[in-house]
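Source file: model.cif. Holds: mmCIF, C-alpha atoms and all ligand atoms.
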```
data_run
loop_
_atom_site.label_atom_id
_atom_site.label_comp_id
_atom_site.auth_asym_id
_atom_site.auth_seq_id
_atom_site.Cartn_x
_atom_site.Cartn_y
_atom_site.Cartn_z
CA MET A 30 -35.52 -61.31 -37.34
CA ARG A 31 -32.82 -60.89 -34.78
CA PHE A 32 -29.28 -59.98 -35.75
CA SER A 33 -26.94 -61.52 -33.23
CA ALA A 34 -24.82 -58.90 -31.54
CA LYS A 35 -22.42 -61.33 -29.92
CA LYS A 36 -18.94 -60.05 -30.56
CA LEU A 37 -15.95 -62.05 -31.49
CA SER A 38 -13.99 -62.08 -28.28
CA ILE A 39 -10.88 -63.80 -29.53
CA ILE A 40 -7.92 -61.87 -28.29
CA LEU A 41 -5.66 -62.04 -31.25
CA LEU A 42 -5.39 -58.75 -33.04
CA LEU A 43 -4.20 -58.36 -36.56
CA ILE A 44 -3.95 -54.84 -37.78
CA LEU A 45 -4.06 -54.56 -41.51
CA VAL A 46 -3.62 -51.36 -43.44
CA PHE A 47 -4.83 -51.20 -46.98
CA ILE A 48 -5.08 -48.70 -49.74
CA ALA A 49 -8.76 -47.83 -50.09
CA PRO A 50 -10.21 -50.09 -52.77
CA THR A 51 -11.98 -48.34 -55.59
CA HIS A 52 -15.06 -50.43 -56.34
CA GLY A 53 -17.80 -51.24 -53.89
CA ILE A 54 -20.92 -53.39 -54.09
CA LYS A 55 -23.47 -53.87 -51.33
CA ILE A 56 -26.29 -56.40 -51.53
CA CYS A 57 -29.03 -56.90 -48.93
CA VAL A 58 -31.96 -59.24 -49.37
CA ALA A 59 -34.50 -60.57 -46.87
CA ALA A 60 -37.18 -63.22 -47.28
CA GLY A 61 -39.97 -63.57 -44.73
CA GLU A 62 -41.59 -60.78 -42.79
CA GLY A 63 -39.37 -58.31 -40.99
CA SER A 64 -40.75 -59.20 -37.58
CA ASP A 65 -40.71 -62.92 -38.29
CA ALA A 66 -38.36 -64.72 -35.91
CA GLN A 67 -37.56 -67.25 -38.62
CA GLY A 68 -36.99 -64.80 -41.45
CA VAL A 69 -33.96 -65.30 -43.65
CA ALA A 70 -31.58 -62.65 -44.93
CA LEU A 71 -28.39 -62.08 -46.83
CA VAL A 72 -26.07 -59.09 -46.54
CA LYS A 73 -23.02 -58.85 -48.76
CA ASP A 74 -20.48 -56.05 -48.90
CA LEU A 75 -17.65 -56.05 -51.42
CA LYS A 76 -14.83 -53.61 -51.94
CA MET A 77 -12.76 -54.70 -54.87
CA GLY A 78 -9.67 -53.20 -56.44
CA THR A 79 -9.17 -52.05 -60.00
CA PHE A 80 -7.95 -55.38 -61.31
CA SER A 81 -10.66 -57.63 -60.00
CA SER A 82 -13.73 -59.55 -61.02
CA PHE A 83 -16.79 -60.64 -59.16
CA SER A 84 -19.80 -62.70 -60.12
CA GLY A 85 -22.66 -63.90 -58.00
CA ASN A 86 -26.11 -65.46 -58.07
CA THR A 87 -28.78 -64.94 -55.47
CA LEU A 88 -32.09 -66.81 -55.56
CA ILE A 89 -34.87 -65.70 -53.28
CA GLY A 90 -37.86 -67.90 -52.49
CA ASP A 91 -40.41 -68.11 -49.73
CA ARG A 92 -38.25 -68.10 -46.60
CA ILE A 93 -35.23 -69.31 -48.49
CA VAL A 94 -32.22 -67.52 -49.93
CA ALA A 95 -29.58 -69.34 -51.95
CA ASP A 96 -26.41 -67.46 -52.75
CA SER A 97 -23.18 -68.20 -54.55
CA TRP A 98 -20.31 -65.95 -55.56
CA TYR A 99 -16.87 -66.00 -57.03
CA ALA A 100 -14.31 -63.21 -56.63
CA ARG A 101 -10.81 -62.65 -57.85
CA SER A 102 -8.56 -59.67 -57.33
CA SER A 103 -4.92 -58.71 -57.72
CA ASP A 104 -5.13 -55.59 -55.58
CA PRO A 105 -6.44 -54.76 -52.10
CA SER A 106 -9.96 -56.01 -51.63
CA SER A 107 -12.42 -57.06 -48.98
CA ILE A 108 -15.47 -59.29 -49.02
CA SER A 109 -17.98 -59.70 -46.27
CA SER A 110 -21.01 -61.95 -46.45
CA MET A 111 -23.61 -62.67 -43.79
CA MET A 112 -26.51 -65.09 -43.96
CA TYR A 113 -29.23 -65.37 -41.34
CA SER A 114 -32.06 -67.69 -40.55
CA GLY A 115 -33.80 -66.56 -37.38
CA ASP A 116 -31.28 -66.97 -34.54
CA ASN A 117 -28.77 -68.77 -36.74
CA ALA A 118 -26.12 -66.73 -38.52
CA LEU A 119 -23.01 -67.30 -40.62
CA LYS A 120 -20.51 -64.53 -41.30
CA ILE A 121 -17.52 -64.49 -43.63
CA SER A 122 -14.99 -61.69 -43.90
CA LEU A 123 -11.93 -61.87 -46.13
CA ILE A 124 -9.50 -58.98 -46.48
CA SER A 125 -6.49 -59.23 -48.74
CA ALA A 126 -3.71 -56.79 -49.61
CA GLY A 127 -2.80 -58.59 -52.82
CA PRO A 128 -3.74 -61.43 -55.14
CA MET A 129 -6.71 -63.44 -53.88
CA GLY A 130 -9.46 -65.68 -55.18
CA ALA A 131 -12.47 -66.99 -53.29
CA SER A 132 -15.81 -68.63 -53.89
CA ALA A 133 -18.70 -69.62 -51.68
CA SER A 134 -22.13 -71.09 -51.99
CA GLY A 135 -24.69 -71.14 -49.24
CA VAL A 136 -28.33 -71.38 -48.39
CA ALA A 137 -30.45 -69.89 -45.64
CA GLY A 138 -33.74 -71.72 -45.14
CA SER A 139 -36.14 -72.14 -42.28
CA HIS A 140 -34.20 -72.83 -39.05
CA ALA A 141 -30.87 -73.44 -40.79
CA VAL A 142 -28.08 -71.76 -42.71
CA ALA A 143 -25.09 -73.47 -44.31
CA THR A 144 -22.28 -72.44 -46.63
CA ASP A 145 -18.99 -73.62 -47.96
CA LEU A 146 -16.06 -71.39 -48.72
CA SER A 147 -12.85 -71.93 -50.58
CA GLY A 148 -10.26 -69.30 -51.12
CA ARG A 149 -6.65 -68.32 -51.15
CA ALA A 150 -4.63 -65.16 -50.73
CA ASP A 151 -0.97 -64.72 -51.61
CA GLY A 152 -0.22 -61.05 -51.08
CA ASP A 153 1.81 -59.33 -48.41
CA GLN A 154 -1.00 -59.77 -45.88
CA ALA A 155 -4.51 -61.15 -45.60
CA GLN A 156 -7.06 -61.96 -42.95
CA LEU A 157 -10.04 -64.32 -42.84
CA ARG A 158 -12.71 -64.21 -40.14
CA LEU A 159 -15.62 -66.62 -39.85
CA SER A 160 -18.35 -66.97 -37.31
CA SER A 161 -21.12 -69.48 -36.97
CA GLU A 162 -23.72 -68.47 -34.39
CA SER A 163 -26.72 -70.36 -33.08
CA PRO A 164 -28.81 -70.61 -29.90
CA ASN A 165 -26.71 -73.53 -28.58
CA ASN A 166 -23.13 -72.45 -29.29
CA ASN A 167 -20.99 -70.08 -31.32
CA GLN A 168 -17.84 -70.95 -33.22
CA TYR A 169 -15.29 -68.38 -34.39
CA LEU A 170 -12.27 -68.73 -36.59
CA MET A 171 -9.70 -66.10 -37.47
CA ALA A 172 -6.61 -66.58 -39.59
CA GLY A 173 -4.16 -64.03 -40.88
CA TYR A 174 -0.61 -63.29 -41.82
CA GLU A 175 1.67 -60.44 -42.74
CA GLY A 176 5.03 -60.39 -44.44
CA GLY A 177 4.06 -62.92 -47.11
CA ASP A 178 6.50 -63.71 -49.88
CA GLY A 179 3.87 -64.22 -52.58
CA GLU A 180 3.81 -68.00 -52.26
CA ASP A 181 2.56 -69.30 -48.96
CA GLY A 182 -0.29 -67.11 -47.85
CA LEU A 183 -3.68 -68.33 -46.79
CA LYS A 184 -5.61 -71.32 -48.16
CA ALA A 185 -9.05 -72.26 -46.93
CA ASN A 186 -11.49 -75.00 -47.77
CA LEU A 187 -14.16 -74.75 -45.12
CA ARG A 188 -17.75 -75.60 -44.35
CA MET A 189 -19.95 -73.76 -41.91
CA ALA A 190 -23.44 -74.45 -40.64
CA ALA A 191 -25.76 -73.08 -37.98
CA ALA A 192 -29.02 -74.84 -37.21
CA GLY A 193 -29.65 -74.71 -33.47
CA SER A 194 -25.96 -75.67 -33.06
CA SER A 195 -22.97 -74.19 -34.88
CA GLY A 196 -20.04 -75.77 -36.62
CA ILE A 197 -17.00 -74.81 -38.69
CA SER A 198 -14.87 -77.56 -40.22
CA GLY A 199 -12.50 -78.25 -43.08
CA ASP A 200 -8.93 -77.40 -43.97
CA LEU A 201 -7.09 -74.19 -43.32
CA GLU A 202 -3.45 -73.40 -44.03
CA VAL A 203 -1.66 -70.19 -43.13
CA MET A 204 1.90 -69.77 -44.38
CA GLY A 205 2.06 -73.52 -44.88
CA VAL A 206 0.90 -74.41 -41.35
CA LYS A 207 -2.34 -76.28 -40.80
CA GLY A 208 -4.58 -74.16 -38.64
CA LEU A 209 -7.49 -76.46 -37.86
CA GLU A 210 -5.57 -79.58 -36.93
CA GLY A 211 -7.58 -81.19 -34.15
CA GLY A 212 -10.78 -79.44 -35.24
CA MET A 213 -12.64 -77.12 -32.89
CA PRO A 214 -13.07 -78.80 -29.48
CA GLY A 215 -16.15 -77.79 -27.48
CA GLU A 216 -15.80 -75.03 -24.86
CA MET A 217 -12.21 -74.39 -25.87
CA ALA A 218 -10.24 -71.65 -27.55
CA MET A 219 -6.92 -71.92 -29.36
CA VAL A 220 -4.41 -69.36 -30.56
CA LEU A 221 -1.58 -70.25 -32.90
CA ASN A 222 1.19 -67.65 -33.20
CA GLY A 223 3.93 -68.20 -35.74
CA LEU A 224 7.09 -66.63 -37.11
CA TYR A 225 7.87 -66.67 -40.81
CA ALA A 226 11.42 -66.32 -42.12
CA LYS A 227 11.28 -64.01 -45.12
CA PRO A 228 13.87 -64.48 -47.83
CA ASP A 229 15.18 -60.95 -47.22
CA GLY A 230 16.09 -61.80 -43.64
CA ASP A 231 13.13 -60.19 -41.89
CA LEU A 232 10.52 -62.08 -39.95
CA GLY A 233 6.89 -62.23 -41.00
CA ARG A 234 4.13 -63.60 -38.85
CA PHE A 235 0.99 -65.66 -39.02
CA ALA A 236 -1.77 -66.50 -36.61
CA VAL A 237 -4.88 -68.61 -36.25
CA ALA A 238 -7.45 -68.29 -33.49
CA THR A 239 -10.47 -70.49 -32.94
CA MET A 240 -13.10 -70.54 -30.23
CA ASP A 241 -16.12 -72.65 -29.41
CA VAL A 242 -18.39 -71.28 -26.71
CA ASN A 243 -21.59 -72.74 -25.31
CA ASN A 244 -24.30 -70.09 -25.16
CA HIS A 245 -26.03 -71.64 -22.16
CA ARG A 246 -23.11 -70.94 -19.85
CA ASP A 247 -22.17 -67.70 -18.20
CA ARG A 248 -19.44 -66.08 -20.15
CA PRO A 249 -16.88 -64.17 -18.10
CA GLU A 250 -15.61 -60.92 -19.49
CA VAL A 251 -11.86 -60.62 -19.81
CA SER A 252 -10.15 -57.30 -20.14
CA SER A 253 -8.91 -57.09 -23.71
CA ALA A 254 -5.30 -57.41 -24.70
CA SER A 255 -3.27 -54.56 -23.31
CA THR A 256 -2.83 -51.54 -25.48
CA VAL A 257 -0.11 -49.05 -24.88
CA SER A 258 -0.37 -45.31 -25.03
CA GLY A 259 2.12 -42.51 -25.31
CA THR A 260 4.82 -41.99 -27.84
CA TYR A 261 7.64 -44.28 -28.84
CA SER A 262 10.53 -43.30 -26.65
CA ASP A 263 13.44 -45.60 -27.07
CA TYR A 264 14.96 -48.95 -27.76
CA ASN A 265 14.40 -51.46 -24.98
CA ASP A 266 11.32 -49.68 -23.68
CA PRO A 267 10.05 -51.18 -20.39
CA GLN A 268 6.44 -50.68 -21.56
CA ALA A 269 6.94 -52.69 -24.75
CA TYR A 270 4.87 -55.78 -23.94
CA ALA A 271 1.47 -57.15 -24.89
CA LEU A 272 -0.84 -59.56 -23.07
CA ALA A 273 -2.28 -62.44 -25.04
CA GLY A 274 -5.34 -62.79 -22.80
CA TRP A 275 -4.62 -66.09 -21.05
CA ARG A 276 -2.76 -67.02 -17.89
CA TRP A 277 -1.92 -70.26 -16.13
CA GLN A 278 -2.93 -70.99 -12.54
CA ASP A 279 -0.50 -69.84 -9.86
CA ASN A 280 2.77 -71.82 -9.80
CA PRO A 281 1.65 -73.97 -12.73
CA SER A 282 4.98 -75.80 -13.06
CA ILE A 283 4.19 -76.34 -16.74
CA LYS A 284 5.68 -79.65 -17.83
CA PHE A 285 7.05 -79.75 -21.38
CA TRP A 286 8.08 -82.80 -23.39
CA LEU A 287 10.45 -82.95 -26.35
CA ARG A 288 9.27 -85.27 -29.08
CA THR A 289 12.13 -87.52 -30.20
CA ASP A 290 11.56 -88.72 -33.74
CA ARG A 291 13.22 -88.74 -37.15
CA TYR A 292 12.69 -84.97 -37.50
CA LEU A 293 14.72 -84.30 -34.38
CA SER A 294 17.39 -86.83 -35.29
CA GLY A 295 17.58 -85.25 -38.74
CA GLU A 296 18.83 -82.05 -37.10
CA LYS A 297 22.46 -81.99 -36.05
CA LEU A 298 21.32 -81.83 -32.43
CA THR A 299 21.22 -84.52 -29.79
CA ALA A 300 18.11 -84.79 -27.63
CA GLY A 301 20.32 -83.66 -24.75
CA GLN A 302 21.43 -80.50 -26.56
CA ALA A 303 17.86 -79.69 -27.53
CA THR A 304 16.40 -80.26 -24.05
CA ALA A 305 19.19 -78.17 -22.53
CA ALA A 306 18.41 -75.25 -24.83
CA LEU A 307 14.66 -75.57 -24.33
CA SER A 308 15.09 -75.80 -20.55
CA SER A 309 17.28 -72.70 -20.57
CA ALA A 310 14.56 -70.83 -22.45
CA ALA A 311 11.91 -71.91 -19.92
CA GLU A 312 14.08 -71.19 -16.89
CA ALA A 313 14.84 -67.73 -18.25
CA TRP A 314 11.12 -66.90 -17.89
CA ASP A 315 10.99 -68.60 -14.48
CA ASP A 316 13.82 -66.43 -13.23
CA GLN A 317 11.77 -63.28 -13.83
CA THR A 318 9.01 -64.11 -11.36
CA GLY A 319 8.67 -65.62 -7.90
CA GLN A 320 6.45 -68.32 -9.39
CA GLU A 321 7.41 -71.74 -10.68
CA LEU A 322 6.15 -71.27 -14.24
CA PHE A 323 7.89 -74.24 -15.83
CA ALA A 324 8.79 -77.58 -14.31
CA ASN A 325 12.54 -78.13 -14.15
CA GLY A 326 13.92 -80.18 -16.98
CA ILE A 327 12.26 -81.54 -20.10
CA SER A 328 11.43 -85.19 -20.66
CA THR A 329 11.61 -86.88 -24.03
CA SER A 330 8.96 -89.01 -25.66
CA SER A 331 8.67 -90.64 -29.06
CA THR A 332 4.89 -90.77 -28.88
CA LYS A 333 3.71 -87.43 -27.49
CA ALA A 334 2.82 -85.03 -30.29
CA ALA A 335 2.33 -81.32 -30.85
CA ASP A 336 -0.69 -79.79 -32.58
CA ARG A 337 -3.26 -81.75 -30.65
CA LEU A 338 -5.18 -81.13 -27.48
CA ASP A 339 -4.18 -84.11 -25.34
CA GLY A 340 -3.11 -82.66 -22.01
CA PHE A 341 0.62 -82.75 -22.88
CA ASN A 342 2.76 -79.70 -23.70
CA VAL A 343 5.16 -80.75 -26.42
CA HIS A 344 8.13 -79.23 -28.27
CA ALA A 345 8.31 -80.94 -31.67
CA PHE A 346 10.38 -80.60 -34.82
CA LYS A 347 8.39 -80.99 -38.04
CA TYR A 348 9.05 -80.48 -41.70
CA ILE A 349 6.92 -77.68 -43.19
CA SER A 350 7.52 -76.87 -46.84
CA SER A 351 6.83 -73.14 -46.45
CA GLY A 352 9.06 -70.52 -44.85
CA ALA A 353 7.28 -70.88 -41.49
CA LEU A 354 10.01 -70.91 -38.85
CA ALA A 355 8.23 -71.88 -35.64
CA TYR A 356 4.88 -71.52 -33.96
CA SER A 357 3.15 -72.04 -30.65
CA ARG A 358 -0.38 -73.37 -30.29
CA THR A 359 -1.96 -72.54 -26.95
CA TYR A 360 -5.39 -73.70 -25.80
CA TYR A 361 -7.40 -71.93 -23.12
CA TYR A 362 -10.81 -72.23 -21.51
CA PRO A 363 -13.27 -69.53 -22.57
CA SER A 364 -15.30 -69.99 -19.35
CA LEU A 365 -12.61 -70.19 -16.65
CA LEU A 366 -10.72 -67.23 -15.26
CA GLU A 367 -7.36 -66.68 -13.62
CA TYR A 368 -6.37 -63.42 -11.95
CA ASP A 369 -3.01 -61.69 -11.96
CA PRO A 370 -1.58 -60.16 -8.75
CA GLN A 371 -3.42 -56.89 -9.55
CA GLY A 372 -6.70 -58.79 -9.78
CA ARG A 373 -7.14 -58.52 -13.53
CA PRO A 374 -8.89 -61.50 -15.19
CA TYR A 375 -7.50 -63.74 -17.92
CA TYR A 376 -8.73 -66.95 -19.48
CA ARG A 377 -7.20 -70.04 -17.89
CA ALA A 378 -4.59 -71.68 -20.13
CA ALA A 379 -5.03 -75.40 -20.78
CA GLU A 380 -2.16 -76.58 -22.96
CA SER A 381 0.62 -75.30 -25.19
CA ASP A 382 2.58 -77.00 -27.98
CA ILE A 383 5.52 -75.56 -29.94
CA VAL A 384 6.73 -76.62 -33.39
CA TYR A 385 10.10 -75.89 -35.09
CA ASN A 386 10.39 -76.27 -38.86
CA THR A 387 13.19 -78.60 -39.96
CA LYS A 388 13.26 -76.92 -43.35
CA TYR A 389 15.75 -74.73 -41.45
CA SER A 390 18.71 -75.92 -39.46
CA TRP A 391 18.77 -75.43 -35.72
CA THR A 392 21.79 -74.85 -33.55
CA THR A 393 22.50 -74.55 -29.84
CA SER A 394 25.91 -72.99 -30.48
CA ILE A 395 25.90 -69.31 -29.63
CA SER A 396 28.64 -68.72 -32.18
CA ASN A 397 26.04 -69.13 -34.92
CA THR A 398 23.16 -67.04 -33.80
CA LYS A 399 21.97 -65.01 -36.73
CA LEU A 400 18.34 -65.47 -37.60
CA TYR A 401 18.99 -64.67 -41.21
CA PRO A 402 17.72 -67.34 -43.58
CA ALA A 403 20.81 -66.75 -45.69
CA THR A 404 22.53 -69.13 -43.31
CA LYS A 405 19.36 -71.20 -42.82
CA THR A 406 20.52 -71.86 -39.27
CA PHE A 407 18.58 -70.59 -36.30
CA TYR A 408 19.47 -70.42 -32.65
CA LEU A 409 17.04 -72.71 -30.84
CA GLN A 410 16.95 -71.01 -27.46
CA THR A 411 16.01 -67.61 -28.87
CA VAL A 412 13.10 -68.93 -30.88
CA ALA A 413 11.97 -71.18 -28.01
CA GLN A 414 12.12 -68.27 -25.59
CA HIS A 415 9.85 -66.21 -27.87
CA GLU A 416 7.35 -69.05 -28.30
CA LEU A 417 7.37 -69.89 -24.56
CA GLY A 418 6.50 -66.23 -23.96
CA HIS A 419 3.26 -66.94 -25.80
CA THR A 420 2.78 -70.07 -23.69
CA CYS A 421 3.00 -67.90 -20.56
CA GLY A 422 0.43 -65.41 -21.89
CA LEU A 423 2.42 -62.71 -23.65
CA GLY A 424 1.60 -61.41 -27.12
CA ASP A 425 3.81 -60.15 -29.91
CA THR A 426 4.95 -56.58 -29.37
CA TYR A 427 5.49 -55.93 -33.06
CA LEU A 428 1.73 -55.76 -33.49
CA ASP A 429 1.85 -52.42 -31.76
CA ALA A 430 2.80 -49.50 -33.96
CA LEU A 431 4.68 -47.88 -31.09
CA TYR A 432 6.91 -50.84 -30.37
CA LYS A 433 7.14 -52.50 -33.72
CA TYR A 434 10.79 -51.55 -34.13
CA ASP A 435 11.90 -52.14 -30.56
CA LEU A 436 14.14 -55.06 -31.44
CA ALA A 437 15.35 -55.50 -27.86
CA GLN A 438 12.23 -57.46 -26.89
CA ILE A 439 12.21 -61.22 -27.31
CA MET A 440 8.46 -60.83 -27.93
CA GLY A 441 9.19 -58.43 -30.77
CA PHE A 442 10.81 -58.72 -34.16
CA TYR A 443 14.20 -59.66 -32.77
CA ASN A 444 16.64 -60.40 -35.56
CA ASP A 445 19.50 -62.19 -33.90
CA ALA A 446 20.05 -64.23 -30.77
CA ASN A 447 18.86 -61.28 -28.65
CA ASP A 448 22.19 -61.19 -26.90
CA LEU A 449 21.74 -57.58 -25.84
CA ASN A 450 24.76 -57.34 -23.57
CA HIS A 451 26.99 -59.55 -25.72
CA ASP A 452 27.67 -62.07 -22.99
CA GLY A 453 26.80 -65.05 -25.12
CA GLY A 454 23.28 -65.51 -23.76
CA VAL A 455 19.74 -64.79 -24.80
CA ASP A 456 18.48 -61.65 -23.07
CA PHE A 457 15.04 -60.29 -22.43
CA GLY A 458 14.14 -56.75 -23.28
CA ALA A 459 12.87 -54.53 -20.46
CA GLY A 460 9.32 -54.87 -21.85
CA ASP A 461 9.46 -58.68 -21.71
CA VAL A 462 10.31 -58.44 -18.02
CA THR A 463 7.51 -55.96 -17.29
CA GLY A 464 5.05 -58.17 -19.11
CA ILE A 465 5.82 -61.43 -17.30
CA LYS A 466 5.77 -59.63 -13.93
CA GLN A 467 2.37 -58.14 -14.78
CA LEU A 468 1.03 -61.64 -15.27
CA TYR A 469 2.72 -63.54 -12.45
CA GLY A 470 4.19 -60.97 -10.07
CA SER A 471 7.78 -60.19 -9.19
ZN ZN A 501 5.15 -64.51 -31.63
#
```

As structure tokens:
Amino acid sequence: MRFSAKKLSIILLLILVFIAPTHGIKICVAAGEGSDAQGVALVKDLKMGTFSSFSGNTLIGDRIVADSWYARSSDPSSISSMMYSGDNALKISLISAGPMGASASGVAGSHAVATDLSGRADGDQAQLRLSSESPNNNQYLMAGYEGGDGEDGLKANLRMAAAGSSGISGDLEVMGVKGLEGGMPGEMAMVLNGLYAKPDGDLGRFAVATMDVNNHRDRPEVSSASTVSGTYSDYNDPQAYALAGWRWQDNPSIKFWLRTDRYLSGEKLTAGQATAALSSAAEAWDDQTGQELFANGISTSSTKAADRLDGFNVHAFKYISSGALAYSRTYYYPSLLEYDPQGRPYYRAAESDIVYNTKYSWTTSISNTKLYPATKTFYLQTVAQHELGHTCGLGDTYLDALYKYDLAQIMGFYNDANDLNHDGGVDFGAGDVTGIKQLYGS
């Protein structure tokens, strides 16, 4: 049998650090001859903490393996399970820093493998990775968060199958935000980046990445997200930026809409105040390059919606019951490239939507600019400017250990309106400016 070596090329990086779990189990079974192209196999690797339980059943027949398991843990743990049938493969990896529970049941038979998975994690951080690989196409899904408050972590109820073609479907929620809304469109990738307002005033984060790629097409290689080297020098470091891996075409003049609905009218903002703040955030990025990144002005629409791939870039206010503050959802083509002025390749961006949670209040008055949930009021332009940075192709700098505490960057863990020079505006850090110029030139 052939173990697929195709690597998950989704750009999002979540770096999780765990205490080494104390109990490990590894299970490998294969049915069918080793050289048989249609052999079936199961590989399971568990590292469970002290306060955990695991039970599983594996049935092995002639070219068929049926497997089910149930795991629960209150300390750091990781589960990985892979099932193969010839060129079809399903892989599950769940890593959790705290309380989690998960169960799955699957079968690998001749020419097909299928499984379902349900699980949840509620600790400080957790990460789920799935892949479904087949001769026709591969689908990947990654979801993770850090800075959880013990309530709204990760919930998954998913089905996966690979039988010539691959599919992943079902429901996924990360910090209260639906990750798979709109499903997994063919030949398309999506990255959702979100901020979470922790009760103590800090920001947490959550992310979902999905990708569907056709295996019969040439797959361009994109240089991976930038990594920085050296030692942390100072606040407002000009090297403190990260690249998300996508870029728009030159002078894209990205047109954004503001959805006008009862969620917007429920805020104490007029559509005019909101569009002015959102335009200022977009124009702030425009001003850093010679390119026309965003179209001037923002139109309003009561019908255009965020969270769906429809060709329209939409800012929308929505009620989310968790502490999620805001998120951007950007789609890009996994087979089309764009090059920056230095000639480096990126995936071509297709669409970007941004959502603001009306569980919090939003203001456009600079006199009330603290991001602390104690006031429950957030400054719209700051948050929009961060999320529009993702739209442009920048990643979060707080993922990098060197720059995690560089609070000058709008793409970092800023904790107020980012008014660095106290002139009443939202300011970029030096790294934000370097990053956008890397992508689109000076
Ligand atoms: Zn972000």

**Study point:** Separation of atom CA of A:Gly53 from atom CA of A:Leu75 in Å
**Key:**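 Atom-to-atom, atom CA of A:Leu75 to atom CA of A:Gly53, that is 5.4 Å.
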
Please give me, as a PDB file with C-alpha atoms, in the frame of the given file, the residues lying within 7 Å of ligand ZN 501 (chain A) when counting only C-alpha atoms and all ligand atoms.
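That gives us selection-v7.pdb:
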```pdb
ATOM      1  CA  ASN A 222       1.190 -67.650 -33.200  1.00  0.00           C
ATOM      2  CA  GLY A 223       3.930 -68.200 -35.740  1.00  0.00           C
ATOM      3  CA  LEU A 224       7.090 -66.630 -37.110  1.00  0.00           C
ATOM      4  CA  HIS A 415       9.850 -66.210 -27.870  1.00  0.00           C
ATOM      5  CA  GLU A 416       7.350 -69.050 -28.300  1.00  0.00           C
ATOM      6  CA  HIS A 419       3.260 -66.940 -25.800  1.00  0.00           C
ATOM      7  CA  GLY A 424       1.600 -61.410 -27.120  1.00  0.00           C
ATOM      8  CA  ASP A 425       3.810 -60.150 -29.910  1.00  0.00           C
ATOM      9  CA  MET A 440       8.460 -60.830 -27.930  1.00  0.00           C
TER      10      MET A 440
END
```

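Distance annotation: of A:Ala310, A:Ala379, A:Ala190, A:Leu232, the residue with the minimal separation from A:Glu216 is A:Ala379; atom set is all atoms listed in the file.
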
Review point. Neighbours of A:Ala226 within 8 Å (all atoms listed in the file; same-chain residues fewer than 2 positions away dropped), as a VMD selection string?
Key: chain A and resid 224 228 230 to 233 352 to 354 401 to 402

Review point. Near A:Asp435, counting all atoms listed in the file, which residues have an atom at most 10 Å away, once you skip same-chain residues fewer than 5 positions from it, shown as a ChimeraX atom specification?
Key: /A:261-266,269,426-427,440-443,458,460

Using only C-alpha atoms, please write the residues we just selected to a file, as a PDB file, keeping the file's coordinate frame.
```pdb
ATOM      1  CA  TYR A 261       7.640 -44.280 -28.840  1.00  0.00           C
ATOM      2  CA  SER A 262      10.530 -43.300 -26.650  1.00  0.00           C
ATOM      3  CA  ASP A 263      13.440 -45.600 -27.070  1.00  0.00           C
ATOM      4  CA  TYR A 264      14.960 -48.950 -27.760  1.00  0.00           C
ATOM      5  CA  ASN A 265      14.400 -51.460 -24.980  1.00  0.00           C
ATOM      6  CA  ASP A 266      11.320 -49.680 -23.680  1.00  0.00           C
ATOM      7  CA  ALA A 269       6.940 -52.690 -24.750  1.00  0.00           C
ATOM      8  CA  THR A 426       4.950 -56.580 -29.370  1.00  0.00           C
ATOM      9  CA  TYR A 427       5.490 -55.930 -33.060  1.00  0.00           C
ATOM     10  CA  MET A 440       8.460 -60.830 -27.930  1.00  0.00           C
ATOM     11  CA  GLY A 441       9.190 -58.430 -30.770  1.00  0.00           C
ATOM     12  CA  PHE A 442      10.810 -58.720 -34.160  1.00  0.00           C
ATOM     13  CA  TYR A 443      14.200 -59.660 -32.770  1.00  0.00           C
ATOM     14  CA  GLY A 458      14.140 -56.750 -23.280  1.00  0.00           C
ATOM     15  CA  GLY A 460       9.320 -54.870 -21.850  1.00  0.00           C
TER      16      GLY A 460
END
```

Review point. Which one is closest to A:Ala459: A:Thr393, A:Gln268, A:Thr299, A:Ser357? Count all atoms listed in the file.
Key: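 Checking each of A:Thr393, A:Gln268, A:Thr299, A:Ser357 against A:Ala459, counting all atoms listed in the file, the winner is A:Gln268.
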
**Study point:** Nearest candidate to A:Leu157 (options A:Leu88, A:Val237, A:Gly127, A:Ala95; using only C-alpha atoms)
**Key:**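 For A:Leu157, the nearest of the candidates is A:Val237.
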
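Taking atom CA of A:Leu423 and atom CA of A:Lys120 as the two end points, the separation is 29.0 Å.
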
Review point. What does the distance from atom CA of A:Trp286 to atom CA of A:Tyr408 come to in Å, to one decimal?
Key: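 Between these atoms lies a distance of 19.2 Å.
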